[in-house]
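Here is work_4.txt, consisting of compact mmCIF, C-alpha atoms:
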```
# COMPACT_ATOMS: atom_id res chain seq x y z
CA MET U 1 32.22 21.24 -32.06
CA PRO U 2 33.78 22.02 -28.68
CA GLN U 3 33.05 18.48 -27.42
CA PHE U 4 35.59 17.15 -29.93
CA GLU U 5 37.97 20.11 -30.02
CA GLN U 6 38.62 21.01 -26.39
CA ILE U 7 40.88 18.04 -25.82
CA GLU U 8 42.64 19.79 -22.93
CA VAL U 9 39.55 19.62 -20.66
CA PHE U 10 38.76 15.93 -21.29
CA GLN U 11 40.90 14.63 -18.45
CA SER U 12 39.31 16.96 -15.95
CA LEU U 13 35.75 16.21 -17.15
CA MET U 14 36.26 12.46 -17.06
CA PHE U 15 38.05 12.52 -13.73
CA TRP U 16 35.53 14.71 -11.93
CA SER U 17 32.47 13.05 -13.38
CA VAL U 18 33.69 9.58 -12.38
CA VAL U 19 34.75 10.79 -8.92
CA SER U 20 31.45 12.61 -8.42
CA PHE U 21 29.51 9.57 -9.59
CA MET U 22 31.37 7.34 -7.16
CA LEU U 23 30.82 9.82 -4.34
CA LEU U 24 27.09 10.01 -5.13
CA PHE U 25 26.98 6.21 -5.37
CA PHE U 26 28.49 5.73 -1.90
CA LEU U 27 26.40 8.50 -0.33
CA LEU U 28 23.13 7.23 -1.81
CA LYS U 29 23.98 3.62 -1.03
CA LYS U 30 24.92 4.44 2.54
CA PHE U 31 22.38 7.08 3.53
CA ALA U 32 19.52 7.45 1.07
CA PHE U 33 18.44 4.16 -0.50
CA PRO U 34 18.30 1.81 2.49
CA PRO U 35 15.78 3.71 4.63
CA ILE U 36 13.47 4.49 1.71
CA LEU U 37 13.66 0.98 0.29
CA GLY U 38 13.20 -0.32 3.82
CA ALA U 39 10.03 1.73 4.20
CA LEU U 40 8.80 0.46 0.84
CA GLU U 41 9.46 -3.15 1.73
CA GLU U 42 7.96 -2.72 5.16
CA ARG U 43 4.81 -1.30 3.64
CA GLU U 44 4.64 -4.09 1.08
CA LYS U 45 5.12 -6.64 3.80
CA LYS U 46 2.48 -4.97 5.93
CA ILE U 47 -0.01 -4.84 3.07
CA ARG U 48 0.69 -8.45 2.18
CA SER U 49 0.33 -9.59 5.79
CA ASP U 50 -2.79 -7.46 6.25
CA ILE U 51 -4.37 -8.99 3.18
CA SER U 52 -3.48 -12.51 4.23
CA GLU U 53 -4.70 -11.74 7.74
CA ALA U 54 -7.98 -10.45 6.34
CA GLU U 55 -8.25 -13.53 4.16
CA LYS U 56 -7.63 -15.76 7.17
CA LEU U 57 -10.22 -13.90 9.23
CA ARG U 58 -12.72 -14.17 6.41
CA GLN U 59 -12.17 -17.91 6.17
CA GLU U 60 -12.51 -18.19 9.92
CA ALA U 61 -15.73 -16.19 9.81
CA ASP U 62 -16.99 -18.41 7.00
CA SER U 63 -16.24 -21.56 8.95
CA ILE U 64 -17.86 -20.10 12.06
CA LYS U 65 -20.89 -19.15 10.02
CA ALA U 66 -21.10 -22.65 8.57
CA ASP U 67 -20.74 -24.12 12.06
CA LEU U 68 -23.47 -21.91 13.41
CA GLN U 69 -25.74 -22.75 10.53
CA ARG U 70 -25.09 -26.44 11.04
CA GLU U 71 -25.76 -26.07 14.75
CA LEU U 72 -28.89 -24.06 14.10
CA LYS U 73 -30.10 -26.70 11.68
CA SER U 74 -29.41 -29.52 14.13
CA ALA U 75 -31.13 -27.54 16.89
CA HIS U 76 -34.14 -27.10 14.63
CA GLU U 77 -34.14 -30.79 13.89
CA LYS U 78 -33.84 -31.60 17.57
CA ALA U 79 -36.68 -29.27 18.43
CA ASP U 80 -38.80 -30.83 15.71
CA THR U 81 -38.05 -34.29 17.07
CA ILE U 82 -38.88 -33.20 20.61
CA VAL U 83 -42.18 -31.66 19.51
CA GLN U 84 -42.95 -34.79 17.49
CA MET U 85 -42.13 -37.02 20.43
CA ALA U 86 -44.25 -34.93 22.79
CA THR U 87 -47.15 -35.01 20.35
CA ASP U 88 -46.85 -38.78 20.00
CA GLU U 89 -46.61 -39.22 23.74
CA SER U 90 -49.62 -37.04 24.44
CA LYS U 91 -51.60 -38.83 21.76
CA LYS U 92 -50.65 -42.17 23.28
CA ILE U 93 -51.60 -40.99 26.76
CA GLN U 94 -54.86 -39.62 25.46
CA GLU U 95 -55.70 -42.86 23.68
CA LYS U 96 -54.73 -44.85 26.72
CA THR U 97 -56.90 -42.70 28.96
CA VAL U 98 -59.86 -42.98 26.63
CA GLN U 99 -59.34 -46.73 26.42
CA GLU U 100 -59.10 -47.08 30.17
CA THR U 101 -62.17 -44.94 30.77
CA GLN U 102 -64.12 -46.86 28.19
CA ASN U 103 -63.05 -50.14 29.77
CA LYS U 104 -63.99 -48.89 33.21
CA VAL U 105 -67.35 -47.66 32.01
CA ARG U 106 -67.95 -50.94 30.24
CA GLN U 107 -66.92 -52.83 33.34
CA MET U 108 -69.16 -50.74 35.52
CA GLN U 109 -72.00 -51.21 33.07
CA SER U 110 -71.62 -54.96 32.99
CA ASP U 111 -71.26 -55.04 36.80
CA ALA U 112 -74.41 -53.08 37.19
CA GLU U 113 -76.25 -55.25 34.70
CA GLN U 114 -75.08 -58.34 36.48
CA GLU U 115 -76.14 -56.95 39.85
CA ILE U 116 -79.50 -55.98 38.46
CA GLN U 117 -79.87 -59.45 37.00
CA VAL U 118 -78.94 -61.05 40.30
CA SER U 119 -81.37 -58.85 42.23
CA ARG U 120 -84.14 -59.54 39.77
CA ASN U 121 -83.58 -63.30 39.87
CA LYS U 122 -83.59 -63.20 43.60
CA LEU U 123 -86.73 -61.11 43.63
CA PHE U 124 -88.44 -63.40 41.14
CA ASN U 125 -87.49 -66.44 43.13
CA GLU U 126 -88.89 -64.86 46.26
CA ILE U 127 -92.09 -63.83 44.51
CA ARG U 128 -92.38 -67.32 43.02
CA GLY U 129 -91.92 -68.82 46.49
CA PHE U 130 -94.57 -66.55 48.04
CA ALA U 131 -96.99 -67.11 45.16
CA ALA U 132 -96.57 -70.92 45.52
CA ALA U 133 -97.09 -70.75 49.24
CA LEU U 134 -100.15 -68.52 48.72
CA THR U 135 -101.55 -70.85 46.08
CA VAL U 136 -100.96 -73.92 48.23
CA ALA U 137 -102.54 -72.24 51.22
CA SER U 138 -105.54 -70.89 49.32
CA ALA U 139 -106.08 -74.22 47.54
CA GLU U 140 -105.95 -75.99 50.87
CA LYS U 141 -108.50 -73.59 52.33
CA MET U 142 -110.75 -73.83 49.24
CA ILE U 143 -110.79 -77.58 49.49
CA LYS U 144 -111.70 -77.27 53.19
CA LYS U 145 -114.49 -74.79 52.29
CA SER U 146 -116.16 -77.07 49.74
CA LEU U 147 -116.95 -79.17 52.69
CA ASP U 148 -118.00 -76.16 54.66
CA GLU U 149 -119.52 -73.43 52.50
CA GLY U 150 -119.96 -71.02 55.36
CA ASP U 151 -116.34 -71.06 56.29
CA HIS U 152 -115.15 -70.17 52.78
CA LYS U 153 -114.51 -66.51 53.41
CA ARG U 154 -112.97 -67.19 56.74
CA LEU U 155 -110.56 -69.75 55.29
CA ILE U 156 -109.28 -67.32 52.69
CA GLU U 157 -108.82 -64.73 55.39
CA GLU U 158 -106.93 -67.27 57.44
CA SER U 159 -104.65 -68.29 54.60
CA ILE U 160 -103.86 -64.67 53.79
CA ASP U 161 -103.03 -64.07 57.37
CA GLU U 162 -100.87 -67.15 57.38
CA VAL U 163 -98.96 -65.94 54.33
CA LEU U 164 -98.56 -62.54 55.86
CA ARG U 165 -97.24 -64.07 58.99
CA GLU U 166 -94.89 -66.23 57.06
CA MET U 167 -93.65 -63.16 55.13
CA GLU U 168 -93.23 -61.25 58.30
CA SER U 169 -91.30 -64.06 59.88
CA LYS U 170 -89.13 -64.33 56.77
CA GLY U 171 -88.65 -60.59 56.62
CA ALA U 172 -87.59 -60.49 60.24
CA MET F 1 41.69 28.69 -31.19
CA ALA F 2 42.34 31.33 -33.81
CA SER F 3 41.47 34.84 -32.63
CA ASP F 4 39.82 35.87 -35.91
CA SER F 5 37.25 33.11 -35.57
CA HIS F 6 36.55 34.12 -31.97
CA ALA F 7 33.78 36.56 -32.84
CA ALA F 8 32.08 34.05 -35.08
CA GLU F 9 32.19 31.42 -32.35
CA HIS F 10 30.35 33.71 -29.96
CA THR F 11 27.29 33.69 -32.17
CA SER F 12 27.67 29.99 -32.97
CA PRO F 13 24.93 27.80 -31.42
CA LEU F 14 27.68 25.48 -30.30
CA HIS F 15 29.41 28.19 -28.35
CA HIS F 16 27.76 27.27 -25.06
CA PHE F 17 29.28 23.78 -25.17
CA GLU F 18 32.67 25.29 -24.53
CA VAL F 19 34.16 24.38 -21.18
CA HIS F 20 35.83 27.10 -19.18
CA ASN F 21 38.02 26.38 -16.20
CA ILE F 22 36.85 28.30 -13.18
CA ILE F 23 39.05 26.92 -10.42
CA PRO F 24 42.46 26.15 -11.88
CA ILE F 25 44.37 23.33 -10.26
CA PRO F 26 48.08 22.98 -11.06
CA GLU F 27 48.89 20.05 -13.30
CA ILE F 28 49.78 16.90 -11.40
CA ALA F 29 51.99 14.53 -13.42
CA GLY F 30 50.90 16.24 -16.61
CA ILE F 31 47.17 15.85 -15.85
CA ASP F 32 45.07 19.03 -15.69
CA LEU F 33 42.23 18.59 -13.19
CA SER F 34 41.06 22.20 -13.15
CA ILE F 35 37.42 22.55 -12.15
CA SER F 36 35.26 23.94 -14.93
CA GLN F 37 31.71 25.31 -15.03
CA ALA F 38 30.62 21.91 -16.34
CA VAL F 39 31.88 20.17 -13.22
CA ILE F 40 30.30 22.76 -10.96
CA ALA F 41 26.93 22.38 -12.71
CA MET F 42 27.18 18.61 -12.26
CA TRP F 43 27.99 19.08 -8.59
CA ILE F 44 24.97 21.35 -8.15
CA GLY F 45 22.80 18.69 -9.81
CA ILE F 46 23.99 15.79 -7.66
CA ALA F 47 23.98 18.00 -4.57
CA VAL F 48 20.27 18.70 -5.20
CA VAL F 49 19.58 14.99 -5.66
CA PHE F 50 21.46 14.02 -2.53
CA GLY F 51 20.01 16.96 -0.61
CA LEU F 52 16.46 15.96 -1.49
CA PHE F 53 17.13 12.37 -0.46
CA MET F 54 18.66 13.54 2.81
CA LEU F 55 15.71 15.84 3.41
CA ILE F 56 13.38 12.86 3.11
CA VAL F 57 15.55 10.60 5.25
CA SER F 58 16.22 13.22 7.94
CA ARG F 59 12.50 13.91 8.29
CA GLY F 60 12.15 10.23 8.98
CA VAL F 61 10.67 7.81 6.50
CA SER F 62 7.34 6.46 7.61
CA PRO F 63 5.06 3.72 6.36
CA VAL F 64 2.61 6.47 5.48
CA PRO F 65 4.78 8.58 3.15
CA SER F 66 4.92 12.35 2.86
CA LYS F 67 4.59 13.90 -0.60
CA LEU F 68 8.34 14.12 -1.12
CA GLN F 69 8.82 10.58 0.13
CA SER F 70 6.11 9.39 -2.28
CA ILE F 71 7.99 10.91 -5.21
CA ALA F 72 11.25 9.29 -4.10
CA GLU F 73 9.42 5.99 -3.65
CA VAL F 74 7.87 6.17 -7.09
CA LEU F 75 11.29 6.79 -8.65
CA LEU F 76 12.99 4.09 -6.61
CA GLU F 77 10.22 1.60 -7.37
CA PHE F 78 10.60 2.53 -11.02
CA VAL F 79 14.32 1.71 -10.86
CA ARG F 80 13.70 -1.40 -8.76
CA ASP F 81 11.15 -2.74 -11.26
CA MET F 82 13.69 -2.29 -14.07
CA VAL F 83 16.36 -4.05 -12.02
CA ASN F 84 13.98 -6.87 -11.07
CA GLU F 85 12.81 -7.35 -14.63
CA PHE F 86 16.16 -7.37 -16.41
CA ILE F 87 18.61 -8.60 -13.78
CA GLY F 88 16.37 -10.70 -11.57
CA LYS F 89 14.80 -10.25 -8.18
CA GLU F 90 17.55 -11.82 -6.09
CA GLU F 91 20.59 -10.87 -8.21
CA GLY F 92 19.16 -7.41 -8.73
CA LYS F 93 19.52 -6.44 -5.07
CA LYS F 94 23.32 -6.31 -5.51
CA TYR F 95 23.08 -3.91 -8.43
CA PHE F 96 20.18 -1.74 -7.32
CA SER F 97 22.31 0.99 -5.74
CA PHE F 98 24.54 1.22 -8.80
CA VAL F 99 21.65 1.32 -11.27
CA GLY F 100 19.78 3.80 -9.08
CA THR F 101 22.81 6.06 -8.90
CA VAL F 102 23.23 5.87 -12.69
CA PHE F 103 19.61 6.97 -13.09
CA PHE F 104 19.72 9.83 -10.60
CA PHE F 105 23.18 10.99 -11.69
CA ILE F 106 22.23 11.23 -15.36
CA LEU F 107 18.81 12.68 -14.57
CA ALA F 108 20.38 15.34 -12.36
CA CYS F 109 23.02 16.22 -14.98
CA ASN F 110 20.40 16.35 -17.75
CA LEU F 111 18.00 18.52 -15.76
CA VAL F 112 20.55 20.91 -14.31
CA GLY F 113 21.73 21.66 -17.86
CA LEU F 114 18.30 23.05 -18.72
CA ILE F 115 18.81 25.99 -16.39
CA PRO F 116 19.99 28.83 -18.66
CA GLY F 117 23.66 29.59 -18.14
CA SER F 118 24.31 26.18 -16.64
CA TYR F 119 26.10 23.28 -18.33
CA THR F 120 25.00 19.78 -19.31
CA ILE F 121 27.95 17.52 -18.61
CA THR F 122 26.15 14.64 -20.34
CA SER F 123 26.51 16.58 -23.61
CA GLN F 124 30.23 15.74 -23.41
CA LEU F 125 30.95 12.55 -25.33
CA VAL F 126 33.98 11.83 -23.17
CA VAL F 127 31.78 11.84 -20.07
CA THR F 128 29.03 9.62 -21.48
CA GLY F 129 31.81 7.54 -23.06
CA VAL F 130 33.61 6.95 -19.78
CA PHE F 131 30.37 5.84 -18.14
CA ALA F 132 29.33 3.61 -21.04
CA THR F 133 32.79 2.06 -21.18
CA GLY F 134 32.82 1.62 -17.43
CA ILE F 135 29.45 -0.16 -17.52
CA PHE F 136 30.60 -2.30 -20.44
CA LEU F 137 33.77 -3.33 -18.60
CA MET F 138 31.70 -3.97 -15.49
CA THR F 139 29.43 -6.36 -17.38
CA LEU F 140 32.51 -8.20 -18.65
CA VAL F 141 33.90 -8.47 -15.12
CA ILE F 142 30.54 -9.67 -13.76
CA GLY F 143 30.17 -12.16 -16.59
CA PHE F 144 33.62 -13.71 -16.23
CA ALA F 145 33.43 -13.69 -12.42
CA LYS F 146 30.07 -15.44 -12.50
CA HIS F 147 30.44 -17.85 -15.40
CA GLY F 148 34.21 -18.06 -16.00
CA ALA F 149 35.21 -18.99 -19.53
CA HIS F 150 31.65 -20.13 -20.15
CA PHE F 151 30.75 -16.44 -20.35
CA LEU F 152 32.20 -16.47 -23.87
CA SER F 153 29.09 -18.40 -24.92
CA ILE F 154 27.30 -15.03 -24.82
CA LEU F 155 28.85 -14.61 -28.27
CA VAL F 156 26.76 -17.52 -29.57
CA PRO F 157 23.02 -16.92 -29.39
CA PRO F 158 21.11 -19.99 -28.26
CA GLY F 159 19.67 -22.18 -30.99
CA VAL F 160 22.24 -21.23 -33.63
CA PRO F 161 23.34 -24.18 -35.80
CA LYS F 162 26.98 -25.17 -35.33
CA ILE F 163 27.83 -24.30 -38.89
CA MET F 164 26.76 -20.70 -38.31
CA ILE F 165 29.00 -20.16 -35.29
CA PRO F 166 32.01 -18.80 -37.28
CA VAL F 167 29.66 -16.21 -38.76
CA MET F 168 27.74 -15.42 -35.59
CA VAL F 169 30.71 -14.87 -33.31
CA PRO F 170 32.17 -11.87 -35.23
CA ILE F 171 28.66 -10.39 -35.54
CA GLU F 172 28.07 -10.79 -31.83
CA ILE F 173 31.48 -9.28 -31.04
CA ILE F 174 30.62 -6.26 -33.15
CA SER F 175 27.22 -5.92 -31.49
CA MET F 176 28.85 -6.18 -28.06
CA ILE F 177 31.32 -3.44 -28.93
CA ALA F 178 28.51 -1.36 -30.39
CA ARG F 179 26.75 -1.39 -27.03
CA PRO F 180 28.94 1.10 -25.16
CA ILE F 181 29.31 3.22 -28.31
CA SER F 182 25.57 3.47 -28.90
CA LEU F 183 24.96 3.97 -25.18
CA SER F 184 27.33 6.92 -24.97
CA VAL F 185 26.54 8.47 -28.35
CA ARG F 186 22.77 8.29 -27.78
CA LEU F 187 22.92 10.31 -24.58
CA PHE F 188 25.54 12.75 -25.87
CA ALA F 189 23.72 13.31 -29.17
CA ASN F 190 20.33 13.85 -27.56
CA MET F 191 21.66 16.34 -25.07
CA THR F 192 23.77 18.18 -27.66
CA ALA F 193 20.99 18.30 -30.21
CA GLY F 194 18.43 19.61 -27.75
CA HIS F 195 20.68 22.32 -26.48
CA THR F 196 21.76 23.27 -30.00
CA VAL F 197 18.14 23.67 -31.07
CA LEU F 198 17.50 25.79 -28.02
CA ALA F 199 20.58 27.90 -28.75
CA VAL F 200 19.57 28.38 -32.39
CA LEU F 201 16.04 29.40 -31.44
CA PHE F 202 17.31 31.72 -28.75
CA GLY F 203 19.78 33.24 -31.20
CA LEU F 204 16.87 33.86 -33.55
CA ALA F 205 14.83 35.41 -30.79
CA MET F 206 17.69 37.74 -29.98
CA THR F 207 18.45 38.76 -33.56
CA ALA F 208 14.97 38.80 -35.13
CA PRO F 209 13.16 42.13 -35.46
CA GLY F 210 11.01 42.95 -32.47
CA TRP F 211 7.63 42.28 -34.10
CA ILE F 212 8.45 38.62 -34.81
CA SER F 213 11.01 37.77 -32.16
CA TRP F 214 8.27 36.43 -29.83
CA ALA F 215 7.84 33.45 -32.16
CA PRO F 216 11.28 31.88 -31.76
CA PHE F 217 11.22 32.80 -28.08
CA GLY F 218 7.92 30.96 -27.68
CA PHE F 219 9.49 27.98 -29.37
CA THR F 220 12.38 27.99 -26.92
CA VAL F 221 9.85 27.70 -24.10
CA ILE F 222 8.08 24.80 -25.82
CA ILE F 223 11.35 23.07 -26.70
CA ASN F 224 12.53 23.55 -23.13
CA GLY F 225 9.46 21.65 -21.96
CA LEU F 226 10.25 18.96 -24.47
CA GLU F 227 13.83 18.88 -23.22
CA ILE F 228 12.65 18.22 -19.68
CA ALA F 229 10.83 15.14 -21.00
CA ILE F 230 13.93 14.13 -22.97
CA ALA F 231 16.07 14.54 -19.85
CA PHE F 232 13.88 11.94 -18.14
CA ILE F 233 13.60 9.68 -21.18
CA GLN F 234 17.35 9.62 -21.83
CA ALA F 235 18.11 8.94 -18.18
CA TYR F 236 15.56 6.13 -18.35
CA ILE F 237 17.01 4.69 -21.57
CA PHE F 238 20.56 4.83 -20.26
CA THR F 239 19.47 3.12 -17.04
CA ILE F 240 17.34 0.43 -18.66
CA LEU F 241 20.15 -0.44 -21.10
CA THR F 242 22.54 -0.64 -18.16
CA CYS F 243 20.11 -3.11 -16.59
CA VAL F 244 19.84 -5.10 -19.80
CA TYR F 245 23.61 -5.34 -20.21
CA ILE F 246 24.16 -6.34 -16.58
CA GLY F 247 21.25 -8.77 -16.88
CA ASP F 248 22.79 -10.37 -19.96
CA ALA F 249 26.05 -10.86 -18.10
CA VAL F 250 24.27 -12.27 -15.04
CA LYS F 251 21.83 -14.54 -16.85
CA LEU F 252 23.98 -15.22 -19.90
CA HIS F 253 20.94 -15.47 -22.20
```

Output the file's structure as structure tokens, nothing else.
Amino acid sequence: MPQFEQIEVFQSLMFWSVVSFMLLFFLLKKFAFPPILGALEEREKKIRSDISEAEKLRQEADSIKADLQRELKSAHEKADTIVQMATDESKKIQEKTVQETQNKVRQMQSDAEQEIQVSRNKLFNEIRGFAAALTVASAEKMIKKSLDEGDHKRLIEESIDEVLREMESKGA
Amino acid sequence: MASDSHAAEHTSPLHHFEVHNIIPIPEIAGIDLSISQAVIAMWIGIAVVFGLFMLIVSRGVSPVPSKLQSIAEVLLEFVRDMVNEFIGKEEGKKYFSFVGTVFFFILACNLVGLIPGSYTITSQLVVTGVFATGIFLMTLVIGFAKHGAHFLSILVPPGVPKIMIPVMVPIEIISMIARPISLSVRLFANMTAGHTVLAVLFGLAMTAPGWISWAPFGFTVIINGLEIAIAFIQAYIFTILTCVYIGDAVKLH
């Protein structure tokens, strides 16, 4: 086997392979590996930061969404409250108005009734007064007539005239 | 080499493992550093690796990678994951360049050897041996530099009863010494075996009668495909074991 027999070339093979290896090592270490590894690391860093950025943005969006939903919900609640309040208020106003109107009407009714009552009483009193005067006058004349039959009709006429005069004087 | 066996060696499937000096360099202090076809093949391999990397870098690496950059990134991530897993994320950064170079150097040498007429330098046990020994010595240096004399506790697995320590320490020493041996022999043997099989099949294809010679030739094509996979797998195994050994020295258990 030449690998064990050609002893004379061993030194050269070992020397050149080690020297070549060292040369390749320094060349790769100096020129080749750093930029490529740098690009790799840069990309990894970029991907990692992009992912974390995306994660952060997602969380932000989530929190914004939650905020908006909360705000929307509170706005809904507020609107509901406002509508409720307005309804209550309008109902109250309506009831109050109805109450007031009813009171007014009732007041007016009772006023009118009272006035009517007053007028009637007054009228009755007046009628009673006239009737009494008429009765007194006619009775007086009738008594006078019993003494004088012929003057009967004239007496009544006189008393009526008297009453009429009295009424006229009162009316004036 | 005896001249009468020369003809026989030319048809031997092991013939292509012979190293021939192409550029002779005069001996310096008794050491012959002549450049052989094996060294030139290795240089072509690492030149391609470095050239491809430089092509990517000179075009400008971008966060959105080109196709070539994607391939380089996949390979580098592959190495980085190994380093992170076995050495540790923070410690691993110091060793990444070394481990990455080990991977690309062995991969380049393995792959360049699959080109017919080229040479696989990793099929030389002395080459794989010098790397395995170098890595083994490196782990010792790292271990003692990091943990001092406490590093010797690597010879006692955790949880071993005290009475077993005299037995465990020699076993652990043997297993430690076996590491560089198995590391180097595994790579050398895989590369040698694959190329020998290819040589045998190709020899058959050349010598078989015409009506059947397509069969062994077809097999060489299939085995060549298999060898490409093995080139990757062996580079991966060598690299991952390097990571494991360095990781053991760094983490101590």

**Request:** Using CA of Ile35 in chain F and CA of Thr242 in chain F as the two end points, give the distance in Å to one decimal.
**Result:** 28.2 Å

**Request:** Please indicate the distance in Å from CA of Phe217 in chain F to CA of Leu204 in chain F, rounded to one decimal place.
**Result:** 7.9 Å

**Message:** Given only C-alpha atoms as the basis, pick out the residue of U:Glu166, U:Glu140, U:Glu113, U:Glu41 nearest to chain F.
**Reply:**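 Closest candidate: U:Glu41.
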
**Prompt:** Which value, in Å to one decimal, gives the distance between CA of His147 in chain F and CA of Tyr245 in chain F?
**Reply:**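 Separating CA of His147 in chain F from CA of Tyr245 in chain F is a distance of 15.0 Å.
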
**Message:** Show me, as JSON, numbers by chain, every residue of chain F with an atom at most 6 Å from chain U, counting all atoms listed in the file.
**Reply:** {"F": [17, 18, 33, 53, 63, 97, 101, 124, 127]}

For the residues in that selection, give me C-alpha atoms as a CSV table (one decimal), in the coordinates of the input.
```
chain,number,residue,atom,x,y,z
F,17,PHE,CA,29.3,23.8,-25.2
F,18,GLU,CA,32.7,25.3,-24.5
F,33,LEU,CA,42.2,18.6,-13.2
F,53,PHE,CA,17.1,12.4,-0.5
F,63,PRO,CA,5.1,3.7,6.4
F,97,SER,CA,22.3,1.0,-5.7
F,101,THR,CA,22.8,6.1,-8.9
F,124,GLN,CA,30.2,15.7,-23.4
F,127,VAL,CA,31.8,11.8,-20.1
```

**Item:** Test item: residues at most 9 Å from Ile44 in chain F, only C-alpha atoms, excluding those fewer than 5 positions along its chain, as a PyMOL selection string
**Value:** chain F and resi 39+49+108-109+112

**Which of F:Ile31, F:Val74, F:Val167, F:Val79 sits closest to Ile240 in chain F [using all atoms listed in the file]** =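 For Ile240 in chain F, the nearest of the given residues is F:Val79.
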
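Around the point (16.2, 14.4, 5.6), within 12 Å and counting all atoms listed in the file, we find these residues: U:Phe31, U:Ala32, U:Pro35, U:Ile36, F:Val49, F:Phe50, F:Gly51, F:Leu52, F:Phe53, F:Met54, F:Leu55, F:Ile56, F:Val57, F:Ser58, F:Arg59, F:Gly60, F:Val61, F:Ser66, F:Leu68, F:Gln69.
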
Using the structure just given, write a file holding N, CA and C atoms for range 46-61 of chain F, as a tab-separated table (two decimals), in the first residue's frame.
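Resulting contents of out-v4.tsv:
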```
chain	number	residue	atom	x	y	z
F	46	ILE	N	-8.82	23.57	-2.10
F	46	ILE	CA	-9.04	24.69	-1.18
F	46	ILE	C	-9.12	26.01	-1.93
F	47	ALA	N	-8.48	26.07	-3.12
F	47	ALA	CA	-8.61	27.29	-3.93
F	47	ALA	C	-10.06	27.45	-4.38
F	48	VAL	N	-10.71	26.33	-4.76
F	48	VAL	CA	-12.12	26.40	-5.17
F	48	VAL	C	-12.97	26.87	-4.00
F	49	VAL	N	-12.73	26.27	-2.82
F	49	VAL	CA	-13.51	26.66	-1.64
F	49	VAL	C	-13.35	28.15	-1.37
F	50	PHE	N	-12.07	28.58	-1.30
F	50	PHE	CA	-11.84	29.98	-0.98
F	50	PHE	C	-12.37	30.89	-2.09
F	51	GLY	N	-12.19	30.44	-3.34
F	51	GLY	CA	-12.69	31.24	-4.46
F	51	GLY	C	-14.19	31.42	-4.40
F	52	LEU	N	-14.90	30.34	-4.09
F	52	LEU	CA	-16.37	30.45	-4.00
F	52	LEU	C	-16.77	31.41	-2.87
F	53	PHE	N	-16.08	31.27	-1.73
F	53	PHE	CA	-16.40	32.19	-0.62
F	53	PHE	C	-16.14	33.64	-1.03
F	54	MET	N	-15.00	33.84	-1.71
F	54	MET	CA	-14.66	35.21	-2.10
F	54	MET	C	-15.64	35.75	-3.13
F	55	LEU	N	-16.12	34.84	-4.00
F	55	LEU	CA	-17.11	35.25	-5.00
F	55	LEU	C	-18.36	35.77	-4.29
F	56	ILE	N	-18.77	35.04	-3.25
F	56	ILE	CA	-19.97	35.46	-2.50
F	56	ILE	C	-19.71	36.79	-1.82
F	57	VAL	N	-18.54	36.87	-1.15
F	57	VAL	CA	-18.27	38.07	-0.35
F	57	VAL	C	-18.07	39.28	-1.27
F	58	SER	N	-17.38	39.08	-2.42
F	58	SER	CA	-17.09	40.22	-3.28
F	58	SER	C	-18.37	40.73	-3.95
F	59	ARG	N	-19.33	39.84	-4.16
F	59	ARG	CA	-20.61	40.29	-4.72
F	59	ARG	C	-21.40	41.10	-3.69
F	60	GLY	N	-20.97	40.96	-2.46
F	60	GLY	CA	-21.66	41.68	-1.38
F	60	GLY	C	-22.73	40.81	-0.78
F	61	VAL	N	-22.55	40.47	0.50
F	61	VAL	CA	-23.59	39.67	1.16
F	61	VAL	C	-24.75	40.60	1.48
```
